[in-house]
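> Below is target_19.cif; it holds mmCIF, C-alpha atoms and all ligand atoms.
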```cif
data_coords
loop_
_atom_site.label_atom_id
_atom_site.label_comp_id
_atom_site.auth_asym_id
_atom_site.auth_seq_id
_atom_site.Cartn_x
_atom_site.Cartn_y
_atom_site.Cartn_z
CA MET S 22 123.96 85.41 99.01
CA ASN S 23 120.30 85.53 100.06
CA LYS S 24 119.33 84.32 103.51
CA TYR S 25 115.75 83.44 104.50
CA TYR S 26 114.11 83.81 107.91
CA TYR S 27 110.86 83.72 109.82
CA ALA S 28 110.59 86.62 112.24
CA TYR S 29 108.22 88.54 114.45
CA TYR S 30 108.33 91.52 116.79
CA LYS S 31 107.82 90.51 120.41
CA LYS S 32 106.10 93.69 121.61
CA ASP S 33 102.41 94.68 121.62
CA GLU S 34 102.87 97.09 118.70
CA ILE S 35 102.85 94.02 116.42
CA ARG S 36 99.05 94.40 116.49
CA ASN S 37 99.25 97.49 114.24
CA SER S 38 101.63 95.88 111.77
CA ALA S 39 100.54 93.93 108.71
CA SER S 40 102.21 90.66 109.63
CA GLY S 41 105.11 90.03 112.03
CA GLY S 42 105.96 93.69 112.57
CA ILE S 43 109.47 93.52 111.13
CA GLY S 44 108.84 96.75 109.21
CA HIS S 45 108.16 98.38 112.57
CA ALA S 46 111.15 96.72 114.32
CA LEU S 47 113.50 98.05 111.62
CA ALA S 48 112.05 101.55 111.95
CA MET S 49 112.43 101.48 115.76
CA ASP S 50 116.04 100.36 115.41
CA VAL S 51 116.96 103.21 113.08
CA LEU S 52 115.17 105.85 115.18
CA ASN S 53 116.92 104.57 118.32
CA LYS S 54 120.19 105.22 116.48
CA SER S 55 119.04 108.81 115.70
CA GLY S 56 118.46 107.91 112.06
CA ILE S 57 115.70 108.89 109.63
CA VAL S 58 112.88 106.59 108.54
CA TYR S 59 110.99 106.87 105.26
CA GLY S 60 107.75 104.96 104.89
CA VAL S 61 104.13 105.21 103.81
CA SER S 62 101.16 106.58 105.73
CA TYR S 63 97.54 107.24 104.77
CA SER S 64 96.48 110.86 104.26
CA ASP S 65 94.26 112.29 107.00
CA ASP S 66 91.08 111.41 105.06
CA PHE S 67 92.42 107.90 104.18
CA LYS S 68 91.69 108.52 100.48
CA SER S 69 95.36 108.41 99.47
CA ALA S 70 98.77 107.44 100.82
CA GLN S 71 102.07 109.26 100.79
CA TYR S 72 105.67 108.91 101.84
CA LEU S 73 106.66 110.51 105.15
CA ARG S 74 110.08 111.32 106.60
CA ILE S 75 110.07 110.44 110.30
CA ASN S 76 112.65 111.20 112.95
CA GLU S 77 110.61 110.78 116.15
CA ILE S 78 109.40 107.55 117.72
CA ASN S 79 105.97 108.98 118.60
CA LYS S 80 105.15 109.40 114.89
CA ILE S 81 106.21 105.94 113.76
CA GLU S 82 102.84 104.23 114.23
CA LYS S 83 101.46 105.91 111.08
CA LEU S 84 103.78 103.74 108.97
CA SER S 85 102.74 100.39 110.44
CA GLY S 86 100.40 98.25 108.38
CA SER S 87 100.06 97.86 104.63
CA LYS S 88 98.28 100.44 102.54
CA TYR S 89 97.17 98.61 99.40
CA ILE S 90 97.48 101.67 97.16
CA THR S 91 100.34 103.45 95.40
CA ALA S 92 101.91 106.11 97.61
CA GLU S 93 102.48 109.63 96.33
CA LYS S 94 106.14 110.57 96.13
CA ARG S 95 105.40 114.20 97.11
CA MET S 96 105.56 114.49 100.88
CA PRO S 97 103.12 116.66 102.89
CA ASP S 98 105.37 119.75 102.45
CA GLY S 99 105.33 119.23 98.65
CA SER S 100 108.95 118.10 98.38
CA PHE S 101 110.00 115.01 96.42
CA VAL S 102 110.78 112.10 98.74
CA PHE S 103 113.94 110.94 96.90
CA GLU S 104 115.43 114.46 97.11
CA ASN S 105 115.01 114.33 100.89
CA VAL S 106 116.79 110.97 101.02
CA LYS S 107 119.67 112.41 99.00
CA LYS S 108 119.97 115.33 101.39
CA ASP S 109 119.93 113.06 104.45
CA LEU S 110 122.66 110.87 102.95
CA LYS S 111 124.75 113.92 102.10
CA ASP S 112 124.32 115.02 105.74
CA LYS S 113 125.73 111.59 106.72
CA LYS S 114 122.53 110.45 108.41
CA LEU S 115 121.53 106.83 108.84
CA VAL S 116 118.50 106.27 106.58
CA LEU S 117 115.91 103.49 106.41
CA PHE S 118 113.71 103.52 103.29
CA THR S 119 110.86 101.01 102.94
CA GLY S 120 108.79 100.75 99.76
CA LEU S 121 107.55 98.54 96.96
CA PRO S 122 110.24 96.76 94.90
CA CYS S 123 109.83 99.07 91.85
CA GLU S 124 110.05 102.10 94.15
CA ILE S 125 113.33 100.86 95.67
CA ALA S 126 114.65 100.31 92.14
CA ALA S 127 113.62 103.87 91.23
CA LEU S 128 115.26 105.25 94.38
CA ASN S 129 118.52 103.40 93.69
CA ASN S 130 118.46 104.62 90.11
CA TYR S 131 117.84 108.22 91.24
CA LEU S 132 120.65 108.14 93.82
CA ASP S 133 122.99 106.55 91.31
CA ARG S 134 122.31 109.38 88.85
CA GLN S 135 123.07 111.84 91.65
CA GLY S 136 126.48 110.21 92.10
CA ILE S 137 125.62 108.58 95.44
CA ASP S 138 127.05 105.11 96.02
CA THR S 139 124.28 103.50 98.07
CA GLU S 140 126.46 100.54 99.04
CA LYS S 141 128.85 102.84 100.87
CA GLU S 142 126.20 105.06 102.44
CA LYS S 143 124.53 104.50 105.77
CA MET S 144 121.30 103.52 104.09
CA ILE S 145 119.17 100.41 104.47
CA THR S 146 116.55 99.71 101.84
CA VAL S 147 113.64 97.37 102.48
CA ASP S 148 111.09 96.26 99.91
CA LEU S 149 107.84 94.38 100.39
CA ILE S 150 106.77 91.23 98.64
CA CYS S 151 104.31 92.81 96.25
CA GLN S 152 101.34 91.67 94.21
CA GLY S 153 100.72 95.26 93.08
CA PRO S 154 98.63 98.04 94.62
CA LEU S 155 95.38 99.72 93.65
CA SER S 156 95.39 103.50 93.17
CA SER S 157 94.04 106.31 95.32
CA LYS S 158 91.13 106.58 92.85
CA GLU S 159 89.81 103.15 93.89
CA GLN S 160 90.53 103.88 97.58
CA SER S 161 88.67 107.24 97.41
CA GLN S 162 85.66 105.69 95.72
CA TYR S 163 85.48 102.92 98.31
CA ILE S 164 85.75 105.33 101.23
CA GLU S 165 83.19 107.73 99.78
CA PHE S 166 80.84 104.78 99.26
CA LEU S 167 81.24 103.68 102.91
CA GLU S 168 80.85 107.23 104.22
CA LYS S 169 77.58 107.51 102.32
CA LYS S 170 76.33 104.17 103.68
CA TYR S 171 77.27 105.03 107.27
CA LYS S 172 76.30 108.71 106.90
CA SER S 173 79.47 109.70 108.72
CA ARG S 174 83.08 110.70 108.15
CA LEU S 175 85.75 107.98 108.27
CA ILE S 176 88.21 108.43 111.15
CA ASP S 177 90.22 105.19 110.99
CA PHE S 178 90.90 102.61 108.29
CA THR S 179 93.05 99.51 107.84
CA VAL S 180 93.10 96.63 105.37
CA ARG S 181 95.14 94.47 107.76
CA TYR S 182 93.03 94.42 110.91
CA LYS S 183 93.90 91.60 113.30
CA ASN S 184 90.48 90.34 114.38
CA PRO S 185 91.87 89.26 116.77
CA TYR S 186 94.75 87.52 114.99
CA TRP S 187 96.81 87.81 111.79
CA LYS S 188 94.72 85.31 109.81
CA PRO S 189 92.19 85.67 108.24
CA VAL S 190 92.75 89.21 107.04
CA TYR S 191 90.08 91.79 107.91
CA LEU S 192 89.27 95.32 106.74
CA LYS S 193 88.24 97.76 109.44
CA ALA S 194 86.69 101.20 108.95
CA VAL S 195 85.67 103.38 111.91
CA PHE S 196 83.30 106.36 111.57
CA GLU S 197 82.89 109.59 113.49
CA ASN S 198 79.39 108.50 114.62
CA GLY S 199 80.96 105.49 116.42
CA LYS S 200 79.90 102.88 113.85
CA LYS S 201 82.39 100.31 112.55
CA HIS S 202 82.58 98.33 109.30
CA ILE S 203 84.60 95.15 109.99
CA LYS S 204 84.60 92.48 107.25
CA PRO S 205 86.92 89.78 105.91
CA LEU S 206 89.04 91.81 103.46
CA TYR S 207 88.42 89.67 100.40
CA GLU S 208 84.64 89.86 100.87
CA THR S 209 84.72 93.67 100.60
CA ASP S 210 84.60 95.69 97.38
CA PHE S 211 88.08 96.97 98.15
CA GLY S 212 89.55 93.52 98.78
CA ARG S 213 87.93 92.03 95.69
CA ALA S 214 89.22 94.92 93.55
CA PHE S 215 92.72 94.43 95.06
CA LEU S 216 92.63 90.78 93.95
CA ILE S 217 91.29 91.42 90.45
CA TYR S 218 92.52 94.80 89.30
CA GLY S 219 95.97 96.37 89.03
CA LYS S 220 98.38 98.37 86.95
CA GLU S 221 99.33 96.69 83.68
CA GLY S 222 103.01 96.68 84.74
CA CYS S 223 102.23 94.59 87.81
CA PHE S 224 101.19 91.69 85.59
CA HIS S 225 104.77 91.72 84.19
CA CYS S 226 106.75 92.93 87.20
CA LYS S 227 110.51 93.14 86.71
CA TYR S 228 111.37 93.07 90.43
CA LYS S 229 110.89 89.47 91.49
CA ASN S 230 113.29 86.81 92.84
CA GLU S 231 116.91 87.90 92.34
CA ASN S 232 115.76 91.22 90.88
CA HIS S 233 114.72 92.59 94.27
CA GLN S 234 117.07 95.56 94.66
CA ALA S 235 116.68 96.21 98.38
CA ASP S 236 118.97 95.07 101.19
CA ILE S 237 116.02 93.26 102.78
CA THR S 238 112.66 91.98 101.51
CA ILE S 239 109.77 91.45 103.94
CA GLY S 240 106.37 89.86 103.49
CA ASP S 241 103.78 87.64 105.11
CA PHE S 242 104.99 84.15 105.99
CA TRP S 243 101.86 82.52 104.54
CA GLY S 244 103.61 79.12 104.37
CA ILE S 245 104.29 78.75 108.10
CA LYS S 246 102.01 76.29 109.88
CA GLU S 247 100.53 76.63 113.36
CA ASN S 248 102.62 73.81 114.84
CA GLU S 249 105.92 75.01 113.37
CA ASN S 250 108.75 76.98 114.96
CA GLY S 251 108.25 80.67 114.33
CA TYR S 252 104.48 80.61 113.99
CA ASN S 253 102.97 83.53 115.86
CA LYS S 254 99.21 84.04 115.93
CA MET S 255 99.70 87.84 115.85
CA GLY S 256 101.71 87.49 112.65
CA THR S 257 104.91 86.05 111.24
CA SER S 258 106.96 87.88 108.62
CA VAL S 259 109.13 86.26 106.02
CA VAL S 260 112.47 88.06 105.72
CA VAL S 261 114.94 87.69 102.86
CA THR S 262 118.27 89.44 103.26
CA HIS S 263 120.02 90.16 99.96
CA THR S 264 123.18 91.91 101.20
CA GLU S 265 125.58 91.61 104.13
CA LYS S 266 124.47 95.05 105.32
CA GLY S 267 120.85 93.89 105.25
CA ASN S 268 121.64 90.64 107.04
CA ASP S 269 123.68 92.36 109.80
CA THR S 270 120.98 95.00 110.28
CA PHE S 271 118.23 92.40 110.57
CA LYS S 272 120.06 90.04 112.93
CA GLN S 273 120.88 92.70 115.53
CA LEU S 274 117.27 93.98 115.84
CA ALA S 275 115.98 94.23 119.40
CA ASN S 276 112.81 92.48 120.57
CA ILE S 277 112.42 90.06 117.70
CA CYS S 278 112.19 86.31 117.51
CA PHE S 279 113.68 84.84 114.34
CA GLY S 280 115.13 81.70 112.79
CA GLU S 281 116.69 80.76 109.48
CA VAL S 282 114.64 78.68 107.01
CA THR S 283 115.25 77.25 103.54
CA GLU S 284 114.38 79.24 100.43
CA ASP S 285 111.65 76.73 99.56
CA LYS S 286 110.03 77.10 102.96
CA ALA S 287 110.22 80.90 102.87
CA ILE S 288 108.44 81.30 99.57
CA ASP S 289 106.06 78.35 99.86
CA LYS S 290 102.48 79.75 99.52
CA ASN S 291 103.86 83.17 98.60
CA SER S 292 104.14 83.11 94.84
CA MET S 293 104.33 86.90 94.71
CA TYR S 294 107.97 86.78 95.84
CA GLY S 295 108.98 85.23 92.55
CA ASN S 296 106.05 85.71 90.17
CA SER S 297 103.88 88.48 88.84
CA ARG S 298 100.17 88.37 89.54
CA GLU S 299 97.88 86.72 87.03
CA LYS S 300 94.84 88.18 85.33
CA TYR S 301 91.73 86.39 86.55
CA SER S 302 88.98 85.55 84.07
CA ASN S 303 86.81 88.39 85.45
CA TYR S 304 89.53 91.04 84.95
CA ALA S 305 88.14 92.23 81.60
CA THR S 306 84.58 92.48 82.94
CA PHE S 307 85.82 94.40 85.96
CA LYS S 308 87.88 96.79 83.86
CA SER S 309 85.20 97.58 81.29
CA SER S 310 82.58 98.14 83.99
CA TYR S 311 84.97 100.24 86.08
CA LEU S 312 85.78 102.50 83.14
CA LYS S 313 82.05 103.11 82.56
CA ASN S 314 80.79 103.06 86.15
CA ASP S 315 82.51 102.97 89.53
CA LEU S 316 84.32 100.54 91.85
CA HIS S 317 81.19 99.20 93.52
CA LYS S 318 79.45 98.44 90.21
CA ALA S 319 82.62 96.93 88.71
CA VAL S 320 83.00 94.55 91.67
CA PHE S 321 79.35 93.53 91.39
CA ASP S 322 79.55 92.99 87.61
CA SER S 323 82.68 90.83 87.97
CA ARG S 324 80.92 88.38 90.34
CA SER S 325 79.62 85.00 89.13
CA ILE S 326 75.81 84.57 89.03
CA LEU S 327 75.88 82.57 92.27
CA SER S 328 78.03 85.19 93.98
CA LYS S 329 75.65 87.95 92.78
CA VAL S 330 72.69 86.07 94.28
CA LYS S 331 74.52 85.58 97.59
CA TYR S 332 75.52 89.25 97.63
CA LEU S 333 71.93 90.43 97.04
CA LEU S 334 70.64 88.11 99.75
CA LYS S 335 73.15 89.46 102.24
CA LEU S 336 72.17 92.98 101.22
CA LEU S 337 68.48 92.18 101.84
CA LEU S 338 69.39 90.77 105.26
CA GLY S 339 71.19 94.02 106.13
CA LEU S 340 74.60 92.32 106.39
CA LYS S 341 76.47 95.10 104.53
CA PRO S 342 78.47 92.75 102.22
CA TYR S 343 80.56 95.54 100.60
C1 LIG D 401 100.48 96.84 97.67
C2 LIG D 401 101.04 95.77 98.55
C3 LIG D 401 100.99 94.43 98.12
C4 LIG D 401 101.53 93.42 98.93
N1 LIG D 401 101.49 92.12 98.48
C5 LIG D 401 102.01 91.14 99.26
C6 LIG D 401 101.99 89.76 98.85
O1 LIG D 401 101.47 89.44 97.79
N2 LIG D 401 102.57 88.82 99.67
C7 LIG D 401 103.17 89.17 100.86
O2 LIG D 401 103.69 88.31 101.55
N3 LIG D 401 103.20 90.45 101.28
C8 LIG D 401 102.63 91.44 100.51
N4 LIG D 401 102.69 92.74 100.94
C9 LIG D 401 103.46 93.04 102.16
C10 LIG D 401 102.71 92.80 103.45
O3 LIG D 401 101.39 93.31 103.34
C11 LIG D 401 103.40 93.51 104.63
O4 LIG D 401 103.66 94.85 104.28
C12 LIG D 401 104.68 92.87 104.98
O5 LIG D 401 104.41 91.54 105.38
C13 LIG D 401 105.40 93.60 106.12
O6 LIG D 401 104.67 93.47 107.28
P1 LIG D 401 105.30 93.87 108.70
O7 LIG D 401 104.30 93.49 109.73
O8 LIG D 401 106.67 93.30 108.81
O9 LIG D 401 105.50 95.43 108.54
P2 LIG D 401 104.79 96.68 109.21
O10 LIG D 401 105.35 96.90 110.56
O11 LIG D 401 103.32 96.61 109.04
O12 LIG D 401 105.38 97.81 108.24
C14 LIG D 401 104.87 97.97 106.97
C15 LIG D 401 105.85 98.76 106.13
O13 LIG D 401 105.34 98.80 104.81
C16 LIG D 401 105.37 100.13 104.32
N5 LIG D 401 104.21 100.29 103.42
C17 LIG D 401 102.90 100.13 103.73
N6 LIG D 401 102.14 100.37 102.66
C18 LIG D 401 102.97 100.71 101.65
C19 LIG D 401 102.76 101.11 100.30
N7 LIG D 401 101.56 101.20 99.74
N8 LIG D 401 103.86 101.40 99.56
C20 LIG D 401 105.10 101.32 100.08
N9 LIG D 401 105.36 100.96 101.37
C21 LIG D 401 104.30 100.66 102.13
C22 LIG D 401 105.27 101.01 105.56
O14 LIG D 401 105.90 102.23 105.35
C23 LIG D 401 106.01 100.18 106.60
O15 LIG D 401 107.37 100.49 106.56
C24 LIG D 401 102.13 93.76 100.17
C25 LIG D 401 102.16 95.10 100.60
C26 LIG D 401 101.64 96.09 99.81
C27 LIG D 401 101.69 97.53 100.29
S1 LIG D 402 104.07 94.34 91.40
FE1 LIG D 402 106.04 95.11 90.72
S2 LIG D 402 105.56 96.82 89.35
FE2 LIG D 402 103.72 96.40 90.55
S3 LIG D 402 103.88 97.82 92.29
FE3 LIG D 402 104.75 95.83 92.93
S4 LIG D 402 106.92 96.07 92.52
FE4 LIG D 402 105.90 97.68 91.39
#
```
Can you turn what I pasted into structure tokens?
Ligand SMILES: Cc1cc2nc3c(=O)[nH]c(=O)nc-3n(C[C@H](O)[C@H](O)[C@H](O)COP(=O)(O)OP(=O)(O)OC[C@H]3O[C@@H](n4cnc5c(N)ncnc54)[C@H](O)[C@@H]3O)c2cc1C
Ligand code: SF4


Amino acid sequence: MNKYYYAYYKKDEIRNSASGGIGHALAMDVLNKSGIVYGVSYSDDFKSAQYLRINEINKIEKLSGSKYITAEKRMPDGSFVFENVKKDLKDKKLVLFTGLPCEIAALNNYLDRQGIDTEKEKMITVDLICQGPLSSKEQSQYIEFLEKKYKSRLIDFTVRYKNPYWKPVYLKAVFENGKKHIKPLYETDFGRAFLIYGKEGCFHCKYKNENHQADITIGDFWGIKENENGYNKMGTSVVVTHTEKGNDTFKQLANICFGEVTEDKAIDKNSMYGNSREKYSNYATFKSSYLKNDLHKAVFDSRSILSKVKYLLKLLLGLKPY
């Protein structure tokens, strides 16, 4: 039976995590038990994301924070991530795998076809509440656009910058020449595209509510209010445990603060737990412009007239509204 919690990591590393740092706390727990952690990191140029297999604490930071793009399943050495998981399980290692709900379903399906009974193995699967990612094509175009504007190479990038706190969400890009682009995420081209555009399948996602196939689901606890138990200005995660293994793993984590909540409270203001995203009225305009032009032009074309005027004014004032 599902159980619902608020939770956050009590150490400073929470700053690098998307919300309450429970993804990070789970990874630390497994590494402290000499296990293997699979998660998603940006590539060195930040134009794509890929799965990594991590077995050392000093490399874990790369996984913290959400990357709002689909991760490649080929790892840096060219091997297929699910094959590595299979090998680790056959070697009787403890494995933590975090991914999007459809990726966890694909992993379970793959392992099942390989004759591996995931319920019996020492494996914990975690999926994220998911509205659907963009692709590395949109990410590359956005980064190339910024690099051109700042005339410098990007050296750091996050779409979940705490400036200085969890809410509102900021995008932060840092360039080799020392300049920084820090903007509210949903005012940037990337953030607007993330809200409007997505894979067709994400508008009819099969992995919502009871169809989450992971042991644990984590997301942002958007419904928690400032004066309520569990609110943390650096971020609060919502945690749903779907299995006994998931619940036991979560409850013994070190350095976390947590408390049980009702299902209604947990998913209040987070419709993506149970519903697929909707197509906004400007989706078609965005898509047709994007297919003919590029991300920047598509975002501009999908704005209302008033929003276009405001954008152009900000541009004239040198406020870099992209
Ligand atoms: C595309 C996308 C859409 C999301 N939509 C929502 C939403 O609508 N509502 C909501 O509440 N939460 C959403 N989330 C989840 C949210 O952004 C946080 O990831 C979640 O709250 C966990 O935060 P944390 O601080 O506990 O974890 P952290 O400590 O930040 O750990 C994050 C974990 O997520 C994994 N991860 C990061 N990016 C990806 C990726 N692209 N693919 C697979 N795994 C990844 C990392 O490997 C890491 O294990 C989304 C995440 C993604 C990637
Ligand atoms: S919304 Fe559903 S189909 Fe789309 S990436 Fe997320 S889990 Fe996969």

> Check every protein, DNA and RNA residue against ligand LIG 402 (chain D), keep those with an atom at most 9 Å away (counting only C-alpha atoms and all ligand atoms), and present them as a short mmCIF file (atom, residue, chain, number, x, y, z; two decimals) with C-alpha atoms, in the frame of the given file.


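Output file result_37.cif is given in full below:
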```cif
data_model
loop_
_atom_site.label_atom_id
_atom_site.label_comp_id
_atom_site.auth_asym_id
_atom_site.auth_seq_id
_atom_site.Cartn_x
_atom_site.Cartn_y
_atom_site.Cartn_z
CA ILE S 90 97.48 101.67 97.16
CA THR S 91 100.34 103.45 95.40
CA GLY S 120 108.79 100.75 99.76
CA LEU S 121 107.55 98.54 96.96
CA PRO S 122 110.24 96.76 94.90
CA CYS S 123 109.83 99.07 91.85
CA GLU S 124 110.05 102.10 94.15
CA ILE S 125 113.33 100.86 95.67
CA ALA S 126 114.65 100.31 92.14
CA ASP S 148 111.09 96.26 99.91
CA LEU S 149 107.84 94.38 100.39
CA ILE S 150 106.77 91.23 98.64
CA CYS S 151 104.31 92.81 96.25
CA GLN S 152 101.34 91.67 94.21
CA GLY S 153 100.72 95.26 93.08
CA PRO S 154 98.63 98.04 94.62
CA LEU S 155 95.38 99.72 93.65
CA GLY S 219 95.97 96.37 89.03
CA LYS S 220 98.38 98.37 86.95
CA GLU S 221 99.33 96.69 83.68
CA GLY S 222 103.01 96.68 84.74
CA CYS S 223 102.23 94.59 87.81
CA PHE S 224 101.19 91.69 85.59
CA HIS S 225 104.77 91.72 84.19
CA CYS S 226 106.75 92.93 87.20
CA LYS S 227 110.51 93.14 86.71
CA TYR S 228 111.37 93.07 90.43
CA LYS S 229 110.89 89.47 91.49
CA HIS S 233 114.72 92.59 94.27
CA MET S 293 104.33 86.90 94.71
CA ASN S 296 106.05 85.71 90.17
CA SER S 297 103.88 88.48 88.84
CA ARG S 298 100.17 88.37 89.54
#
```

> What does the distance between atom N5 of ligand LIG 401 (chain D) and CA of Ser62 (chain S) come to in Å, to one decimal place?

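Atom N5 of ligand LIG 401 (chain D) sits 7.4 Å away from CA of Ser62 (chain S).
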
> Give the answer as one residue: which of S:Phe215, S:Phe279, S:Trp243, S:Tyr294 has the shortest atom-to-atom distance to Phe307 (chain S), using all atoms listed in the file?

S:Phe215

> Pick out the residues sitting within 10 Å of region 100-108 of chain S, and hand them over as an mmCIF file with C-alpha atoms, in the coordinates of the input; count only C-alpha atoms, and ignore anything fewer than 6 positions along from it in its own chain.


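Wrote it out as selection-v8.cif, contents follow:
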```cif
data_model
loop_
_atom_site.group_PDB
_atom_site.id
_atom_site.type_symbol
_atom_site.label_atom_id
_atom_site.label_comp_id
_atom_site.auth_asym_id
_atom_site.auth_seq_id
_atom_site.Cartn_x
_atom_site.Cartn_y
_atom_site.Cartn_z
ATOM 1 C CA ILE S 57 115.700 108.890 109.630
ATOM 2 C CA VAL S 58 112.880 106.590 108.540
ATOM 3 C CA TYR S 59 110.990 106.870 105.260
ATOM 4 C CA GLY S 60 107.750 104.960 104.890
ATOM 5 C CA GLN S 71 102.070 109.260 100.790
ATOM 6 C CA TYR S 72 105.670 108.910 101.840
ATOM 7 C CA LEU S 73 106.660 110.510 105.150
ATOM 8 C CA ARG S 74 110.080 111.320 106.600
ATOM 9 C CA GLU S 93 102.480 109.630 96.330
ATOM 10 C CA LYS S 94 106.140 110.570 96.130
ATOM 11 C CA LYS S 114 122.530 110.450 108.410
ATOM 12 C CA VAL S 116 118.500 106.270 106.580
ATOM 13 C CA LEU S 117 115.910 103.490 106.410
ATOM 14 C CA PHE S 118 113.710 103.520 103.290
ATOM 15 C CA ALA S 127 113.620 103.870 91.230
ATOM 16 C CA LEU S 128 115.260 105.250 94.380
ATOM 17 C CA ASN S 129 118.520 103.400 93.690
ATOM 18 C CA TYR S 131 117.840 108.220 91.240
ATOM 19 C CA LEU S 132 120.650 108.140 93.820
ATOM 20 C CA GLN S 135 123.070 111.840 91.650
ATOM 21 C CA GLY S 136 126.480 110.210 92.100
ATOM 22 C CA ILE S 137 125.620 108.580 95.440
ATOM 23 C CA MET S 144 121.300 103.520 104.090
#
```

> Quick one: 4 Å padding each side, axis-aligned, all listed atoms of ligand LIG 401 (chain D) - centre and edge lengths in Å to one decimal, as lines of an AutoDock Vina configuration file?


```
center_x = 103.9
center_y = 95.3
center_z = 104.1
size_x = 14.9
size_y = 21.9
size_z = 20.9
```

> Would you kindly return, as a ChimeraX atom specification, each protein, DNA or RNA residue with an atom no farther than 10 Å from any atom of Ile164 (chain S), considering only C-alpha atoms and excluding same-chain residues fewer than 3 positions away?

/S:66-68,159-161,167-170,174-175,178,194,211

> For Gly41 (chain S), work out the shell of residues within 7 Å, counting only C-alpha atoms and skipping chain neighbours fewer than 6 positions away, then give it as a list in words.

Ala28, Tyr29, Tyr30, Ile35, Met255, Gly256, Thr257 and Ser258 of chain S

> Just to confirm, what's the straight-line distance from atom O10 of ligand LIG 401 (chain D) to CA of Tyr207 (chain S) in Å (one decimal)?

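One can read the atom O10 of ligand LIG 401 (chain D) to CA of Tyr207 (chain S) distance as 21.0 Å.
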
> Which residues, written as a PyMOL selection string, have at least one atom at most 8 Å from Lys266 (chain S), with only C-alpha atoms counted and residues fewer than 2 positions away on the same chain left out?

chain S and resi 145+236+264+268-270

> I want to know what sits within 9 Å of Asp315 (chain S), based on only C-alpha atoms, with residues of the same chain fewer than 5 positions away left out; could you give that as a list in words?

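Surrounding residues, per the criterion: Glu159, Gln162, Ser310 and Val320 of chain S.
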
> Which distance in Å separates CA of Trp187 (chain S) and CA of Gly240 (chain S), to one decimal?

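Going from CA of Trp187 (chain S) over to CA of Gly240 (chain S) covers 12.8 Å.
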
> Out of S:Arg213, S:Lys54, S:His45, S:Lys31, which residue has the shortest atom-to-atom distance to ligand LIG 401 (chain D) when counting only C-alpha atoms and all ligand atoms?

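Selected residue with least distance to ligand LIG 401 (chain D): S:His45.
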
> Point out the residue among S:Leu338, S:Leu115, S:Ile326, S:Ala305 with the least atom-to-atom distance to Thr146 (chain S), counting all atoms listed in the file.

S:Leu115

> With only C-alpha atoms and all ligand atoms as the basis for distance, which of S:Lys341, S:Lys290, S:Lys308, S:Lys113 is at the shortest distance from ligand LIG 401 (chain D)?

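Of the candidates, the smallest distance to ligand LIG 401 (chain D) is held by S:Lys290.
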
> Calculated over all atoms listed in the file, which of the candidates S:Lys111, S:Lys32, S:Lys158, S:Arg181 has the smallest distance to ligand LIG 401 (chain D)?

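Once distances to ligand LIG 401 (chain D) are computed over all atoms listed in the file, the minimum belongs to S:Arg181.
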
> Between S:Gly212, S:Gly199, S:Gly339, S:Pro185, which residue has the minimum interatomic distance to ligand LIG 401 (chain D), considering all atoms listed in the file?

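Using all atoms listed in the file, the shortest distance to ligand LIG 401 (chain D) belongs to S:Gly212.
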